[in-house]
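S.K.: First, the structure itself, so that you have it in front of you.
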Protein chains: 2
Amino acid sequence: MLVVQKYGGTSVADAERIRHVAGRVVKRVRAGDQVVVVVSAMGNTTDELIDLALSITPEPDPRELDILLSTGEQMSIALVAMALRALGQEAVGLTGQQAGIYTRAQYGAGRIARVQADRVREELAKGRVPIIAGFQGITEDAEIVTLGRGASDTTAVALAVALGADRCENCKDVEGVYTADPRLVPTARRLTDITYEEMLELATQGSQVMHNRAVELASVYDLPILVTSSMVDDVPGTLIHGGPELEERNRVRGIAHDTDVAKITLRHVPDKPGIAADIFEPLAEHGVSVDTIVQNASERNLTDLTFTLSRKDLKRAESLMPEICERVGAAGFASDANLGKVSIVGVGIQTAQGYAARMFRTLSAAGINIELISTSEIRLTCIIDAERVVDAVRLLHDAFELETAEAQD
Amino acid sequence: MLVVQKYGGTSVADAERIRHVAGRVVKRVRAGDQVVVVVSAMGNTTDELIDLALSITPEPDPRELDILLSTGEQMSIALVAMALRALGQEAVGLTGQQAGIYTRAQYGAGRIARVQADRVREELAKGRVPIIAGFQGITEDAEIVTLGRGASDTTAVALAVALGADRCENCKDVEGVYTADPRLVPTARRLTDITYEEMLELATQGSQVMHNRAVELASVYDLPILVTSSMVDDVPGTLIHGGPELEERNRVRGIAHDTDVAKITLRHVPDKPGIAADIFEPLAEHGVSVDTIVQNASERNLTDLTFTLSRKDLKRAESLMPEICERVGAAGFASDANLGKVSIVGVGIQTAQGYAARMFRTLSAAGINIELISTSEIRLTCIIDAERVVDAVRLLHDAFELETAEAQD
């Protein structure tokens, strides 16, 4: 089969690990598969390069920063290709440009526009393993653009789609996708498989196994992704796919959490059209990214409006609030910096009976107060006190019996 | 005027020096000049990248090594461009590829085939300072190729020629070209100007001020090069050019030296056609680079043949000698590892009276034995004991009165 394997920064952090990755790839090729490899920068290289830029100027030019940052992955492709050749396997390192990863010129946050995979196909046809730089592409004007943190996952999926690969394999320092963070919940269990939608909700809610854009892209083209270990051999991993039979399961598949949540509530806002724009446009203009928005039941045409945001944006948002309150005629605002969220994720849980009730009951039995509730098709999220997030994850993992593997998969 | 400035690794070794370089460039632009900048990798980056490659495999693939090494200059262009922008000067970092430096695919030792300078011209026309990666180019197939150690000088000259620049400026940690190495000869004097030919002979003989290929290229296109300081402002530097008036000077312009010389002598070689090929072809095939070759006067059709080489190649050459001696019918060979050379350089000295005699007399008066003599149009070299090289440089600097500036230039 034709497979695109992606190795992250931890998996290629030093010479020894690079040789280990090369050994894995060679084994796979000798077993008869065609392998394309996508790599990230070694270990903390990207952070070190950012620090170097900041030592020159506090606000590095985005175009030049991308030229600088793209060297990290360029180093990795050369070293991994050398390691493969040293094992007698023909291999060829390809920059984003050489691999035909075309993007729009949005420095630091490029999106892949198209993949011109001719060169990669040629190298495969010659029996070589193409080693491709993740996280980077090139505009039609030959400008180097990086795709944003974690976007090597997206490079791998885009290449797999362009090549018509059988699947993408995300080789990581974890062994798959778990029912909850194994560091918090000792009984957390690796899932055999998970749908794209479930994976997206788990990722958005703080479980950083796969980059969201990569999962979305795979979902559009129905490309299966295997999340597996780059360290331990013969780990079955977790297959992310879109099998329709899963839609029927109506089960909680995992618990996601995030301890970085702040909230702002505007009190007694006159409930009239255009209010939301008046509140959220100035925030967006000042780079404040808002997560959940909840508007409480209106009373005598006055409403309370609450939104959550990342803790790092709270100070900036607070400084904008007096002007916003005045413009929309709110009575005032209150903020809380020490919140977190916990979510249950699973296809069908919104329409199925009893899941929401069981979640609320579990939290209240433990004296955990719910500040805010938000839902999607396949997710139910409660905003709670940051200090109770770990308790909540453990209690919900028990309450939904996620430790019992056979019953679930 | 339009000028191409080249800054070497020492001049961009850290953030502070990079900001210093940016300041110099901005000053120059504000004074009304158009400036194109060529940079090397920061400090020891290239050596560190080579060590990284060697930690993966003792014999890194040359193509992959070039992908790795080219990241060094790519980092520099981004950082220097950022530093310029931080000073309010529009600037744009360009990789070898973006700057249109096309080479043939000889990995690690590429030669510039052509410079497609359209992009550089466009950026200049927009009032931006193009910051270009030295030492690297791209083949017609978009393969990254490095040009060999020290070749950023060549990049700068090639760009200056392609752009029709008024001159190339090599900004270094020295203040120009000296009559001898100032670390050895305290009275050594900076030359105001020097011809291409003289510079070539000084460089070949161990004075590493300019990369030879760069001087040759400048000579072909009659492009003036100013060697000047990147550290100290308002240093007049040394102008390398091809003025015909200099041909008439008949003066010794500088003393070059090299302490890394070994020699091998083949004794009693039958003097017949094809002998030289039989000796030097096997050496070249084994990567031994031969410098001077001297054949002593033939006696009864038997000749002694001596050649010099770098000390690091001596062991390899010695191991090949028994077979070579047998093939050419030589009586045997002798080698000496501890030699050096000292040269006087100046246009016209070969045809002028008395220079050779004065050189030989100076050395013999100090008890320095001459092992071998070789000459070019503008150079006279003596191979001597390595331990006496420093003495010889000082004595010759005195003997040819190089410390007296006014008399010379």
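FYI, nothing fancy with the structure tokens labels: chains A, B, ... in order, residues from 1 per chain, ligands from 1 as they appear.
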Distance cut-off 10 Å, counting only C-alpha atoms - which residues of chain B neighbour chain A? Return them as a PyMOL selection string.
M.R.: chain B and resi 14-19+49+52-87+91-95+97-98+141-144
S.K.: Store the residues of this selection in a file with N, CA and C atoms, as a compact mmCIF listing (two decimals), in the first residue's frame.
M.R.:
```txt
# COMPACT_ATOMS: atom_id res chain seq x y z
N ASP B 14 26.28 37.13 15.57
CA ASP B 14 25.24 37.15 16.60
C ASP B 14 24.30 38.34 16.35
N ALA B 15 23.27 38.44 17.21
CA ALA B 15 22.23 39.45 17.01
C ALA B 15 22.82 40.86 17.00
N GLU B 16 23.78 41.11 17.88
CA GLU B 16 24.35 42.45 17.98
C GLU B 16 25.08 42.82 16.69
N ARG B 17 25.87 41.89 16.17
CA ARG B 17 26.60 42.19 14.93
C ARG B 17 25.65 42.34 13.75
N ILE B 18 24.58 41.54 13.75
CA ILE B 18 23.60 41.65 12.66
C ILE B 18 22.96 43.04 12.68
N ARG B 19 22.63 43.51 13.89
CA ARG B 19 22.06 44.86 13.98
C ARG B 19 23.09 45.91 13.55
N LEU B 49 26.52 22.49 11.33
CA LEU B 49 25.62 21.69 10.50
C LEU B 49 26.35 20.45 9.96
N LEU B 52 26.43 17.98 12.67
CA LEU B 52 25.12 17.36 12.82
C LEU B 52 24.95 16.24 11.80
N ALA B 53 25.33 16.52 10.56
CA ALA B 53 25.23 15.49 9.51
C ALA B 53 26.10 14.30 9.86
N LEU B 54 27.32 14.56 10.37
CA LEU B 54 28.23 13.46 10.71
C LEU B 54 27.72 12.65 11.90
N SER B 55 26.85 13.26 12.73
CA SER B 55 26.29 12.51 13.85
C SER B 55 25.23 11.53 13.34
N ILE B 56 24.74 11.74 12.13
CA ILE B 56 23.77 10.81 11.52
C ILE B 56 24.50 9.69 10.79
N THR B 57 25.51 10.06 10.02
CA THR B 57 26.24 9.07 9.22
C THR B 57 27.62 9.62 8.88
N PRO B 58 28.65 8.77 8.89
CA PRO B 58 30.00 9.29 8.60
C PRO B 58 30.16 9.80 7.17
N GLU B 59 29.32 9.33 6.24
CA GLU B 59 29.43 9.82 4.87
C GLU B 59 28.09 10.34 4.38
N PRO B 60 27.73 11.58 4.75
CA PRO B 60 26.41 12.11 4.37
C PRO B 60 26.29 12.23 2.85
N ASP B 61 25.12 11.95 2.35
CA ASP B 61 24.86 12.10 0.92
C ASP B 61 25.07 13.58 0.53
N PRO B 62 25.84 13.83 -0.53
CA PRO B 62 26.17 15.23 -0.89
C PRO B 62 24.94 16.09 -1.20
N ARG B 63 23.93 15.51 -1.88
CA ARG B 63 22.73 16.29 -2.18
C ARG B 63 22.02 16.71 -0.90
N GLU B 64 21.88 15.78 0.03
CA GLU B 64 21.18 16.09 1.28
C GLU B 64 22.01 17.05 2.13
N LEU B 65 23.34 16.89 2.09
CA LEU B 65 24.21 17.79 2.84
C LEU B 65 24.02 19.23 2.36
N ASP B 66 23.85 19.40 1.06
CA ASP B 66 23.64 20.76 0.53
C ASP B 66 22.31 21.35 0.99
N ILE B 67 21.27 20.51 1.05
CA ILE B 67 19.98 20.99 1.58
C ILE B 67 20.16 21.46 3.02
N LEU B 68 20.95 20.68 3.78
CA LEU B 68 21.19 21.02 5.18
C LEU B 68 22.01 22.30 5.30
N LEU B 69 23.15 22.35 4.59
CA LEU B 69 24.06 23.49 4.75
C LEU B 69 23.42 24.80 4.28
N SER B 70 22.57 24.73 3.26
CA SER B 70 21.98 25.97 2.72
C SER B 70 21.06 26.64 3.74
N THR B 71 20.65 25.92 4.80
CA THR B 71 19.82 26.57 5.81
C THR B 71 20.59 27.65 6.56
N GLY B 72 21.92 27.52 6.64
CA GLY B 72 22.72 28.50 7.39
C GLY B 72 22.57 29.89 6.82
N GLU B 73 22.76 30.03 5.51
CA GLU B 73 22.63 31.34 4.86
C GLU B 73 21.17 31.79 4.83
N GLN B 74 20.25 30.82 4.74
CA GLN B 74 18.83 31.18 4.72
C GLN B 74 18.45 31.84 6.05
N MET B 75 19.00 31.34 7.16
CA MET B 75 18.76 31.97 8.46
C MET B 75 19.29 33.41 8.45
N SER B 76 20.50 33.57 7.92
CA SER B 76 21.13 34.91 7.93
C SER B 76 20.31 35.94 7.15
N ILE B 77 19.83 35.57 5.97
CA ILE B 77 19.10 36.57 5.17
C ILE B 77 17.86 37.04 5.90
N ALA B 78 17.15 36.09 6.55
CA ALA B 78 15.92 36.46 7.27
C ALA B 78 16.26 37.42 8.41
N LEU B 79 17.31 37.11 9.16
CA LEU B 79 17.64 37.91 10.34
C LEU B 79 18.14 39.30 9.93
N VAL B 80 18.98 39.38 8.89
CA VAL B 80 19.48 40.69 8.46
C VAL B 80 18.32 41.53 7.89
N ALA B 81 17.43 40.89 7.14
CA ALA B 81 16.28 41.63 6.59
C ALA B 81 15.38 42.14 7.72
N MET B 82 15.15 41.31 8.73
CA MET B 82 14.37 41.75 9.90
C MET B 82 15.02 42.96 10.57
N ALA B 83 16.34 42.88 10.73
CA ALA B 83 17.07 43.96 11.40
C ALA B 83 16.94 45.26 10.62
N LEU B 84 17.00 45.18 9.30
CA LEU B 84 16.83 46.38 8.48
C LEU B 84 15.42 46.94 8.61
N ARG B 85 14.43 46.07 8.54
CA ARG B 85 13.03 46.52 8.68
C ARG B 85 12.80 47.15 10.05
N ALA B 86 13.45 46.59 11.08
CA ALA B 86 13.31 47.15 12.42
C ALA B 86 13.85 48.57 12.48
N LEU B 87 14.78 48.90 11.56
CA LEU B 87 15.33 50.26 11.48
C LEU B 87 14.53 51.14 10.51
N ALA B 91 13.34 45.92 3.33
CA ALA B 91 14.35 44.95 2.93
C ALA B 91 13.67 43.62 2.68
N VAL B 92 14.32 42.76 1.91
CA VAL B 92 13.70 41.49 1.58
C VAL B 92 14.80 40.42 1.46
N GLY B 93 14.67 39.38 2.29
CA GLY B 93 15.62 38.27 2.22
C GLY B 93 15.31 37.39 1.02
N LEU B 94 16.34 37.00 0.27
CA LEU B 94 16.14 36.15 -0.90
C LEU B 94 17.10 34.96 -0.83
N THR B 95 16.55 33.76 -0.95
CA THR B 95 17.39 32.57 -1.03
C THR B 95 18.14 32.58 -2.37
N GLN B 97 17.84 30.59 -4.69
CA GLN B 97 16.81 30.35 -5.68
C GLN B 97 16.03 31.62 -6.02
N GLN B 98 15.55 32.30 -4.99
CA GLN B 98 14.75 33.51 -5.22
C GLN B 98 15.57 34.60 -5.90
N ASP B 141 16.68 22.13 -12.37
CA ASP B 141 15.69 21.20 -11.82
C ASP B 141 15.29 21.54 -10.39
N ALA B 142 15.61 22.75 -9.93
CA ALA B 142 15.24 23.21 -8.59
C ALA B 142 15.92 22.42 -7.47
N GLU B 143 17.11 21.89 -7.76
CA GLU B 143 17.89 21.24 -6.71
C GLU B 143 18.79 22.27 -6.06
N ILE B 144 18.90 22.21 -4.72
CA ILE B 144 19.74 23.15 -3.99
C ILE B 144 21.19 22.67 -4.03
```
S.K.: Could you pull out the residues in stretch 146-314 of chain B that DSSP calls helix (DSSP H, G or I) from the backbone, as JSON, numbers by chain?
M.R.: {"B": [152, 153, 154, 155, 156, 157, 158, 159, 160, 161, 162, 163, 196, 197, 198, 199, 200, 201, 202, 203, 204, 212, 213, 214, 215, 216, 217, 218, 219, 220, 221, 244, 245, 246, 247, 248, 275, 276, 277, 278, 279, 280, 281, 282, 283, 284, 285, 311, 312, 313, 314]}
S.K.: For B:Leu309, find every residue with an atom within 9 Å (counting only C-alpha atoms), except residues of its own chain fewer than 3 positions away, and show them as a ChimeraX atom specification.
M.R.: /B:260-264,288-292,312-314,317
S.K.: When distances are computed from only C-alpha atoms, which of A:Ala276, A:Met210, A:Met1, A:Leu191 shows the smallest separation from A:Val328?
M.R.: A:Ala276
S.K.: Which polymer residues have any atom within 9 Å of an atom of A:Arg104, counting only C-alpha atoms, with same-chain residues fewer than 5 positions away left out, as JSON, numbers by chain?
M.R.: {"A": [110, 111, 112, 113, 137, 138, 139, 140, 145]}
S.K.: Near A:Thr362, within 8 Å and counting only C-alpha atoms, which residues show up once chain neighbours fewer than 6 positions away are dropped, as a PyMOL selection string?
M.R.: chain A and resi 395-396+399
S.K.: I'd like the interatomic distance between atom CA of A:Ile368 and atom CA of A:Asp398, to a tenth of an Å.
M.R.: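 Atom-to-atom, atom CA of A:Ile368 to atom CA of A:Asp398, that is 15.8 Å.
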S.K.: Looking only at strand (DSSP E or B) from DSSP on the backbone, list the matching residues of stretch 28-135 of chain B as JSON, numbers by chain.
M.R.: {"B": [34, 35, 36, 37, 38, 39, 91, 92, 93, 94, 101, 102, 103, 112, 113, 114, 115, 129, 130, 131, 132, 133]}
S.K.: Using only C-alpha atoms, which protein or nucleic acid residues come within 6 Å of stretch 39-46 of chain A? Drop anything in the same chain fewer than 2 positions from it, and give the result as a ChimeraX atom specification.
M.R.: /A:6-10,12-13,48-49,72-73,76,133-134
S.K.: For atom CA of A:Thr306 and atom CA of A:Val294, quote the distance in Å rounded to one decimal.
M.R.: 5.2 Å
S.K.: Contacts of A:Ile378 at 7 Å or less, counting only C-alpha atoms, minus same-chain residues fewer than 5 places along, as a list in words?
M.R.: Glu198, Val345, Gly346, Val347, Gly348, Ile349 and Gln350 of chain A
S.K.: Using C-alpha atoms, can you write the selected residues to a file as a compact mmCIF listing (two decimals), in the first residue's frame?
M.R.:
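Below is the file that was written, again.txt:
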```txt
# COMPACT_ATOMS: atom_id res chain seq x y z
CA GLU A 198 -15.37 12.95 17.20
CA VAL A 345 -17.71 13.60 22.84
CA GLY A 346 -19.48 11.01 20.73
CA VAL A 347 -21.54 10.74 17.58
CA GLY A 348 -25.23 10.70 18.40
CA ILE A 349 -25.04 11.82 22.01
CA GLN A 350 -27.01 15.00 21.39
```
